[in-house]
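> Data file coords-v5.txt (compact mmCIF, C-alpha atoms and all ligand atoms) is appended below.
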# COMPACT_ATOMS: atom_id res chain seq x y z
CA MET B 1 -1.26 17.38 6.30
CA ILE B 2 -1.67 17.88 2.56
CA PHE B 3 -4.05 15.57 0.68
CA GLU B 4 -3.31 15.00 -3.03
CA LYS B 5 -5.41 13.01 -5.49
CA THR B 6 -3.72 10.23 -7.47
CA SER B 7 -4.34 8.50 -10.79
CA ILE B 8 -6.61 5.98 -8.99
CA LEU B 9 -10.15 6.88 -7.86
CA ASP B 10 -10.30 7.29 -4.04
CA MET B 11 -6.54 6.75 -3.59
CA TRP B 12 -4.69 9.65 -1.96
CA LYS B 13 -1.15 10.74 -1.29
CA ILE B 14 -0.81 12.44 2.05
CA LYS B 15 2.14 14.67 2.76
CA ILE B 16 3.09 15.30 6.36
CA LYS B 17 3.51 19.01 7.07
CA ARG B 18 6.21 19.58 9.66
CA GLU B 19 6.89 22.50 11.95
CA SER B 20 10.65 22.79 12.29
CA ASP B 21 12.86 24.46 14.85
CA GLU B 22 16.44 24.09 16.00
CA ARG B 23 15.66 20.72 17.60
CA GLY B 24 14.13 19.14 14.52
CA SER B 25 10.48 18.94 13.55
CA PHE B 26 6.97 17.84 14.49
CA GLY B 27 4.17 16.76 12.17
CA ARG B 28 0.92 14.80 12.22
CA ILE B 29 0.88 11.39 10.52
CA PHE B 30 -2.82 10.82 11.21
CA CYS B 31 -5.70 13.14 12.07
CA GLU B 32 -9.19 11.72 12.41
CA ASP B 33 -10.86 15.11 11.77
CA LEU B 34 -8.89 15.88 8.60
CA PHE B 35 -9.46 12.38 7.24
CA ARG B 36 -13.20 12.69 7.89
CA ILE B 37 -13.41 16.20 6.36
CA ASN B 38 -11.69 14.88 3.22
CA GLY B 39 -14.12 11.94 3.02
CA LEU B 40 -11.49 9.35 3.89
CA GLU B 41 -11.82 6.32 6.16
CA SER B 42 -10.88 7.53 9.63
CA LYS B 43 -10.97 4.34 11.69
CA PHE B 44 -7.84 2.21 11.62
CA ILE B 45 -7.81 -0.79 13.92
CA GLN B 46 -4.44 -2.44 13.25
CA ILE B 47 -0.99 -0.96 12.79
CA SER B 48 1.58 -3.38 11.36
CA SER B 49 5.16 -3.30 10.17
CA SER B 50 7.05 -5.29 7.57
CA ARG B 51 10.84 -5.39 7.50
CA SER B 52 12.64 -6.57 4.38
CA ASN B 53 16.29 -7.43 4.72
CA ARG B 54 17.62 -6.80 1.20
CA GLU B 55 16.93 -4.89 -1.98
CA GLY B 56 14.92 -6.43 -4.81
CA ILE B 57 12.41 -8.23 -2.54
CA ILE B 58 8.86 -8.19 -3.94
CA ARG B 59 5.80 -8.41 -1.68
CA GLY B 60 2.42 -8.45 -3.41
CA MET B 61 0.09 -7.94 -5.09
CA HIS B 62 -2.37 -8.19 -2.17
CA LEU B 63 -5.84 -7.23 -0.95
CA GLN B 64 -8.51 -8.64 1.33
CA HIS B 65 -11.84 -9.65 -0.15
CA SER B 66 -15.22 -8.63 1.23
CA PRO B 67 -16.41 -8.77 4.02
CA SER B 68 -12.85 -7.95 5.15
CA SER B 69 -11.99 -5.40 2.45
CA GLU B 70 -9.50 -2.96 3.90
CA VAL B 71 -8.34 0.60 3.54
CA LYS B 72 -4.59 0.86 4.14
CA LEU B 73 -2.19 3.65 4.94
CA VAL B 74 1.33 2.81 3.81
CA GLN B 75 4.46 4.65 4.89
CA CYS B 76 8.13 3.80 4.43
CA ILE B 77 9.94 4.53 7.66
CA LYS B 78 13.32 2.99 6.80
CA GLY B 79 15.09 2.37 3.50
CA GLY B 80 13.19 2.80 0.26
CA LEU B 81 10.75 1.06 -2.01
CA HIS B 82 9.00 1.10 -5.37
CA ASP B 83 5.31 0.96 -4.52
CA VAL B 84 2.56 -0.24 -6.86
CA VAL B 85 -1.23 0.01 -6.45
CA CYS B 86 -3.58 -1.41 -9.05
CA ASP B 87 -7.31 -0.69 -9.17
CA VAL B 88 -9.23 -3.95 -9.66
CA ARG B 89 -12.76 -2.62 -9.00
CA PRO B 90 -14.57 -3.38 -12.30
CA TRP B 91 -17.06 -0.52 -11.67
CA SER B 92 -14.30 2.06 -11.10
CA SER B 93 -13.57 4.83 -13.62
CA THR B 94 -9.87 3.96 -13.13
CA TYR B 95 -10.28 0.17 -13.45
CA LEU B 96 -6.87 -1.46 -14.03
CA ALA B 97 -5.02 1.84 -13.61
CA LYS B 98 -1.71 1.59 -11.76
CA GLU B 99 -0.26 4.19 -9.40
CA ILE B 100 3.48 3.99 -8.88
CA ASN B 101 5.27 5.79 -6.07
CA ILE B 102 8.81 5.74 -4.80
CA LEU B 103 8.76 5.95 -1.02
CA HIS B 104 11.82 6.66 1.09
CA GLU B 105 12.41 7.09 4.78
CA GLN B 106 11.97 10.70 5.78
CA ASP B 107 10.13 11.67 2.58
CA ASP B 108 7.03 12.24 4.73
CA GLN B 109 4.64 10.63 2.28
CA ILE B 110 1.77 8.33 3.19
CA LEU B 111 -0.29 6.42 0.66
CA TYR B 112 -4.01 5.99 1.31
CA ILE B 113 -5.11 2.84 -0.53
CA PRO B 114 -8.86 2.28 -0.90
CA LYS B 115 -10.74 -1.02 -0.76
CA GLY B 116 -10.61 -3.07 -3.95
CA CYS B 117 -7.07 -2.12 -4.95
CA LEU B 118 -4.12 -4.50 -5.08
CA HIS B 119 -0.97 -3.35 -3.32
CA GLY B 120 2.65 -4.47 -3.56
CA PHE B 121 6.17 -3.15 -3.56
CA GLN B 122 9.78 -3.92 -4.35
CA THR B 123 12.51 -2.87 -1.94
CA LEU B 124 15.13 -0.51 -3.34
CA GLN B 125 17.41 -0.73 -0.31
CA PRO B 126 18.35 -3.32 2.32
CA ASN B 127 16.59 -3.08 5.70
CA THR B 128 13.45 -1.43 4.42
CA GLU B 129 10.61 -1.05 6.90
CA VAL B 130 7.00 -0.25 6.06
CA TYR B 131 4.25 0.78 8.47
CA TYR B 132 0.63 -0.06 7.67
CA SER B 133 -2.46 1.32 9.35
CA ILE B 134 -5.34 -0.95 8.43
CA SER B 135 -9.10 -0.41 8.73
CA THR B 136 -10.08 -4.09 9.09
CA GLN B 137 -8.93 -7.16 11.01
CA TYR B 138 -6.38 -9.39 9.30
CA ASP B 139 -8.49 -12.18 7.77
CA PRO B 140 -6.38 -15.01 6.32
CA ILE B 141 -9.49 -16.61 4.70
CA ASN B 142 -10.17 -13.47 2.65
CA ALA B 143 -6.54 -12.47 2.12
CA ALA B 144 -5.95 -12.73 -1.62
CA GLY B 145 -3.69 -11.55 -4.35
CA ILE B 146 -2.45 -11.67 -7.90
CA ARG B 147 0.99 -12.66 -9.14
CA TYR B 148 3.61 -9.93 -9.32
CA ASP B 149 4.32 -10.88 -12.95
CA ASP B 150 0.72 -11.05 -14.14
CA PRO B 151 0.46 -10.19 -17.87
CA ILE B 152 -2.76 -8.14 -17.50
CA LEU B 153 -1.45 -6.02 -14.61
CA SER B 154 1.87 -5.83 -16.47
CA ILE B 155 3.90 -4.27 -13.68
CA LYS B 156 7.45 -3.16 -14.53
CA TRP B 157 9.55 -3.84 -11.45
CA PRO B 158 12.72 -1.74 -11.34
CA LEU B 159 15.10 -4.50 -10.15
CA PRO B 160 15.45 -8.23 -10.80
CA PRO B 161 13.44 -9.97 -8.04
CA THR B 162 15.76 -11.25 -5.31
CA CYS B 163 13.13 -12.89 -3.08
CA ILE B 164 9.38 -13.60 -3.22
CA SER B 165 7.40 -15.60 -0.64
CA ASN B 166 6.08 -19.04 -1.58
CA ARG B 167 2.58 -17.71 -1.02
CA ASP B 168 3.14 -14.87 -3.50
CA ARG B 169 4.69 -17.21 -6.10
CA GLU B 170 1.56 -19.36 -5.94
CA LEU B 171 -0.93 -16.52 -6.35
CA PRO B 172 -3.22 -16.78 -9.39
CA PHE B 173 -3.11 -14.72 -12.56
CA TYR B 174 -5.67 -11.94 -12.91
CA THR B 175 -9.18 -12.59 -14.24
CA HIS B 176 -11.90 -9.97 -14.51
CA ASP B 177 -14.07 -11.78 -11.92
CA PHE B 178 -11.26 -11.60 -9.28
CA LEU B 179 -12.97 -9.10 -6.94
CA LYS B 180 -15.58 -10.83 -4.78
C1 LIG R 1 -0.75 -9.14 6.29
C2 LIG R 1 -0.68 -9.80 7.67
C3 LIG R 1 0.07 -10.94 7.85
N1 LIG R 1 0.11 -11.55 9.07
C4 LIG R 1 0.94 -12.74 9.24
C5 LIG R 1 0.65 -13.87 8.27
C6 LIG R 1 2.00 -14.49 8.03
O1 LIG R 1 2.27 -15.46 9.03
C7 LIG R 1 2.98 -13.36 8.20
C8 LIG R 1 3.47 -12.77 6.90
O2 LIG R 1 2.33 -12.43 6.12
P1 LIG R 1 2.45 -12.09 4.58
O3 LIG R 1 3.38 -13.07 3.92
O4 LIG R 1 1.07 -11.98 4.03
O5 LIG R 1 3.17 -10.64 4.63
P2 LIG R 1 3.34 -9.63 3.42
O6 LIG R 1 3.60 -10.39 2.16
O7 LIG R 1 4.30 -8.61 3.81
O8 LIG R 1 1.87 -9.01 3.31
C9 LIG R 1 1.69 -7.64 3.13
O9 LIG R 1 2.03 -7.30 1.78
C10 LIG R 1 1.80 -5.95 1.42
C11 LIG R 1 2.15 -5.81 -0.05
C12 LIG R 1 0.49 -5.43 1.82
O10 LIG R 1 -0.14 -4.61 1.13
C13 LIG R 1 0.01 -5.83 3.17
O11 LIG R 1 -1.35 -5.49 3.37
C14 LIG R 1 0.23 -7.29 3.42
O12 LIG R 1 -0.64 -8.05 2.57
O13 LIG R 1 2.31 -12.36 8.98
C15 LIG R 1 -0.60 -11.03 10.14
O14 LIG R 1 -0.58 -11.60 11.26
N2 LIG R 1 -1.33 -9.90 9.97
C16 LIG R 1 -1.39 -9.26 8.77
O15 LIG R 1 -2.09 -8.19 8.63
Take the structure in the file and give it back as C-alpha cells.

Amino acid sequence: MIFEKTSILDMWKIKIKRESDERGSFGRIFCEDLFRINGLESKFIQISSSRSNREGIIRGMHLQHSPSSEVKLVQCIKGGLHDVVCDVRPWSSTYLAKEINILHEQDDQILYIPKGCLHGFQTLQPNTEVYYSISTQYDPINAAGIRYDDPILSIKWPLPPTCISNRDRELPFYTHDFLK
C-alpha cells in the first residue's frame, strides 16, 4: 500500500499495490500495522456500501459531529464518481480547503478522510457503488451536513444534478460555528 498526503491536513490517498500473475492480481485494501505505522486510525467498526443508479446523483456534504466524529475510508468499486472533501475544522491549517478526486472502479485508490471533514460526491456513471469503512457507529442524532450548493464551500460539480435526497436538499448553509 502506498500512502500519499493530500491538500487537506490528515487526509490521505492510499494506493493499493498489487502483485500480478497470469491469473490476475492480489493486493491489500487494509492493513492495521501499516495504518498504525503511518499514524492513521486503524480501527474500523462498520463497512457500508452505497449504490447510485444513475449519473449526476449528488450525495453530501456529510459528517458526524462529536462524540460520533468518524474517520472514513472511501473506495469506488463500481462505476465512477467525482469526490469532494472539505476541511471544516476551524483550527486546521487547511481550514476550508477542498480535495477533489475522481474515483473509478479498478483504479485501486482509497481515500482516508479524517474527522471534521465534510464528504460528498457526484456519480459520473450509472450503477456506481462506493464502499465505506467507518471508525464510529452510525449516529443519526449527530449525522450532519452542509448543502451541496453552499456559497462558502463553493463546490463546482461536474454535471447538472440529476437527483439529491430530501435530507440533503434541506441541509443548512455553512457557518463558521458549524463544527460542534
Ligand atoms: C450513512 C448511514 C446511513 N444509514 C441509513 C440511514 C438512511 O435510512 C439510509 C440512507 O442514508 P443517507 O441518506 O444518509 O445515505 P447517504 O446520503 O449515501 O450518506 C452517505 O453520504 C456520503 C457522502 C458519506 O460520506 C457517508 O458517510 C454517508 O453520510 O441509510 C445507515 O443505516 N448507516 C449509515 O452509516
> If the limit is 6 Å from any atom of ligand LIG 1 (chain R), counting all atoms listed in the file, which residues qualify? Return them as a list in words.
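If we count all atoms listed in the file, the neighbours of ligand LIG 1 (chain R) turn out to be Ser50, Arg59, Gly60, Met61, His62, His119, Gly120, Phe121 and Tyr138 of chain B.
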> What's the 8 Å shell around segment 150-155 of chain B, counting all atoms listed in the file, without same-chain residues fewer than 2 positions away, as number ranges by chain?
B: 86, 96, 146-148, 157, 173-174
> Taking the point (-16.0, 10.3, 0.3) as given in the file, collect each protein or nucleic acid residue that comes within 12 Å of it, counting all atoms listed in the file, and present the set as a list in words.
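Residues lying no farther than 12 Å from the given point: Leu9, Asp10, Met11, Trp12, Phe35, Arg36, Ile37, Asn38, Gly39, Leu40, Glu41, Ser42 and Pro114 of chain B.
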> Please determine, counting only C-alpha atoms, which residue among B:Thr128, B:Thr6, B:Ser49, B:Thr136 has the shortest atom-to-atom distance to Val71 of chain B.
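Under the stated criterion, the closest residue is B:Thr136.
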> Place a sphere of radius 12 Å on (0.8, 6.0, 4.9) in the file coordinates and name every protein, DNA or RNA residue with an atom inside or on its surface, counting only C-alpha atoms; give the answer as number ranges by chain.
B: 1, 3, 11-16, 28-30, 44, 47-49, 71-77, 83, 101, 103-105, 107-114, 130-134
> Pick the closest to Ile45 of chain B from B:Ser135, B:Ser25, B:Thr94, B:Ser68: which is it, counting all atoms listed in the file?
B:Ser135
> Write out as an MDAnalysis selection string each polymer residue whose atoms come within 12 Å of Gln125 of chain B, counting all atoms listed in the file; drop sequence neighbours fewer than 4 positions from it.
chainID B and resid 51:58 76 78:82 102:105 121 129 159 162
> Please report the interatomic distance between atom CA of Leu179 of chain B and atom CA of Ser93 of chain B in Å with one decimal.
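The value is 15.5 Å.
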> Counting all atoms listed in the file, which of B:Lys156, B:His65, B:Arg18, B:Arg167 gets nearest to Cys117 of chain B?
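Selected residue with least distance to Cys117 of chain B: B:His65.
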> Could you tell me which of B:Asp168, B:Glu99, B:Glu32, B:Asp21 comes closest to Asp149 of chain B if we count all atoms listed in the file?
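Closest to Asp149 of chain B of all the choices is B:Asp168.
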> Which residue gives the smallest distance to Lys180 of chain B among B:Lys43, B:Arg89, B:Lys98, B:Lys5, with only C-alpha atoms counted?
B:Arg89
> Could segment 11-26 of chain B be completed with N, CA, C and O atoms and returned as an mmCIF file, in the frame of the given file?

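Dumped to out00.cif:
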data_model
loop_
_atom_site.group_PDB
_atom_site.id
_atom_site.type_symbol
_atom_site.label_atom_id
_atom_site.label_comp_id
_atom_site.auth_asym_id
_atom_site.auth_seq_id
_atom_site.Cartn_x
_atom_site.Cartn_y
_atom_site.Cartn_z
ATOM 1 N N MET B 11 -7.871 6.925 -4.194
ATOM 2 C CA MET B 11 -6.540 6.750 -3.590
ATOM 3 C C MET B 11 -5.909 8.138 -3.413
ATOM 4 O O MET B 11 -6.007 8.970 -4.312
ATOM 5 N N TRP B 12 -5.273 8.338 -2.269
ATOM 6 C CA TRP B 12 -4.690 9.650 -1.960
ATOM 7 C C TRP B 12 -3.239 9.516 -1.573
ATOM 8 O O TRP B 12 -2.804 8.473 -1.058
ATOM 9 N N LYS B 13 -2.509 10.619 -1.829
ATOM 10 C CA LYS B 13 -1.150 10.740 -1.290
ATOM 11 C C LYS B 13 -1.216 11.816 -0.231
ATOM 12 O O LYS B 13 -1.725 12.915 -0.484
ATOM 13 N N ILE B 14 -0.736 11.503 0.941
ATOM 14 C CA ILE B 14 -0.810 12.440 2.050
ATOM 15 C C ILE B 14 0.611 12.855 2.413
ATOM 16 O O ILE B 14 1.480 12.006 2.618
ATOM 17 N N LYS B 15 0.806 14.145 2.426
ATOM 18 C CA LYS B 15 2.140 14.670 2.760
ATOM 19 C C LYS B 15 2.084 15.218 4.184
ATOM 20 O O LYS B 15 1.181 15.983 4.532
ATOM 21 N N ILE B 16 3.032 14.804 4.986
ATOM 22 C CA ILE B 16 3.090 15.300 6.360
ATOM 23 C C ILE B 16 3.697 16.705 6.345
ATOM 24 O O ILE B 16 4.726 16.929 5.709
ATOM 25 N N LYS B 17 2.984 17.639 6.999
ATOM 26 C CA LYS B 17 3.510 19.010 7.070
ATOM 27 C C LYS B 17 4.194 19.182 8.420
ATOM 28 O O LYS B 17 3.556 18.992 9.455
ATOM 29 N N ARG B 18 5.449 19.501 8.401
ATOM 30 C CA ARG B 18 6.210 19.580 9.660
ATOM 31 C C ARG B 18 6.480 21.014 10.084
ATOM 32 O O ARG B 18 6.713 21.867 9.243
ATOM 33 N N GLU B 19 6.425 21.228 11.366
ATOM 34 C CA GLU B 19 6.890 22.500 11.950
ATOM 35 C C GLU B 19 8.319 22.232 12.431
ATOM 36 O O GLU B 19 8.542 21.283 13.191
ATOM 37 N N SER B 20 9.236 23.039 11.944
ATOM 38 C CA SER B 20 10.650 22.790 12.290
ATOM 39 C C SER B 20 11.184 23.876 13.214
ATOM 40 O O SER B 20 10.767 25.033 13.145
ATOM 41 N N ASP B 21 12.098 23.489 14.057
ATOM 42 C CA ASP B 21 12.860 24.460 14.850
ATOM 43 C C ASP B 21 14.259 23.906 15.030
ATOM 44 O O ASP B 21 14.625 22.929 14.373
ATOM 45 N N GLU B 22 15.036 24.502 15.908
ATOM 46 C CA GLU B 22 16.440 24.090 16.000
ATOM 47 C C GLU B 22 16.616 22.652 16.496
ATOM 48 O O GLU B 22 17.664 22.052 16.318
ATOM 49 N N ARG B 23 15.552 22.100 17.096
ATOM 50 C CA ARG B 23 15.660 20.720 17.600
ATOM 51 C C ARG B 23 15.376 19.685 16.536
ATOM 52 O O ARG B 23 15.753 18.533 16.643
ATOM 53 N N GLY B 24 14.600 20.114 15.491
ATOM 54 C CA GLY B 24 14.130 19.140 14.520
ATOM 55 C C GLY B 24 12.746 19.532 14.052
ATOM 56 O O GLY B 24 12.522 20.693 13.721
ATOM 57 N N SER B 25 11.792 18.601 14.079
ATOM 58 C CA SER B 25 10.480 18.940 13.550
ATOM 59 C C SER B 25 9.386 18.116 14.218
ATOM 60 O O SER B 25 9.664 17.127 14.908
ATOM 61 N N PHE B 26 8.150 18.539 13.966
ATOM 62 C CA PHE B 26 6.970 17.840 14.490
ATOM 63 C C PHE B 26 5.897 17.904 13.418
ATOM 64 O O PHE B 26 5.680 18.944 12.806
#
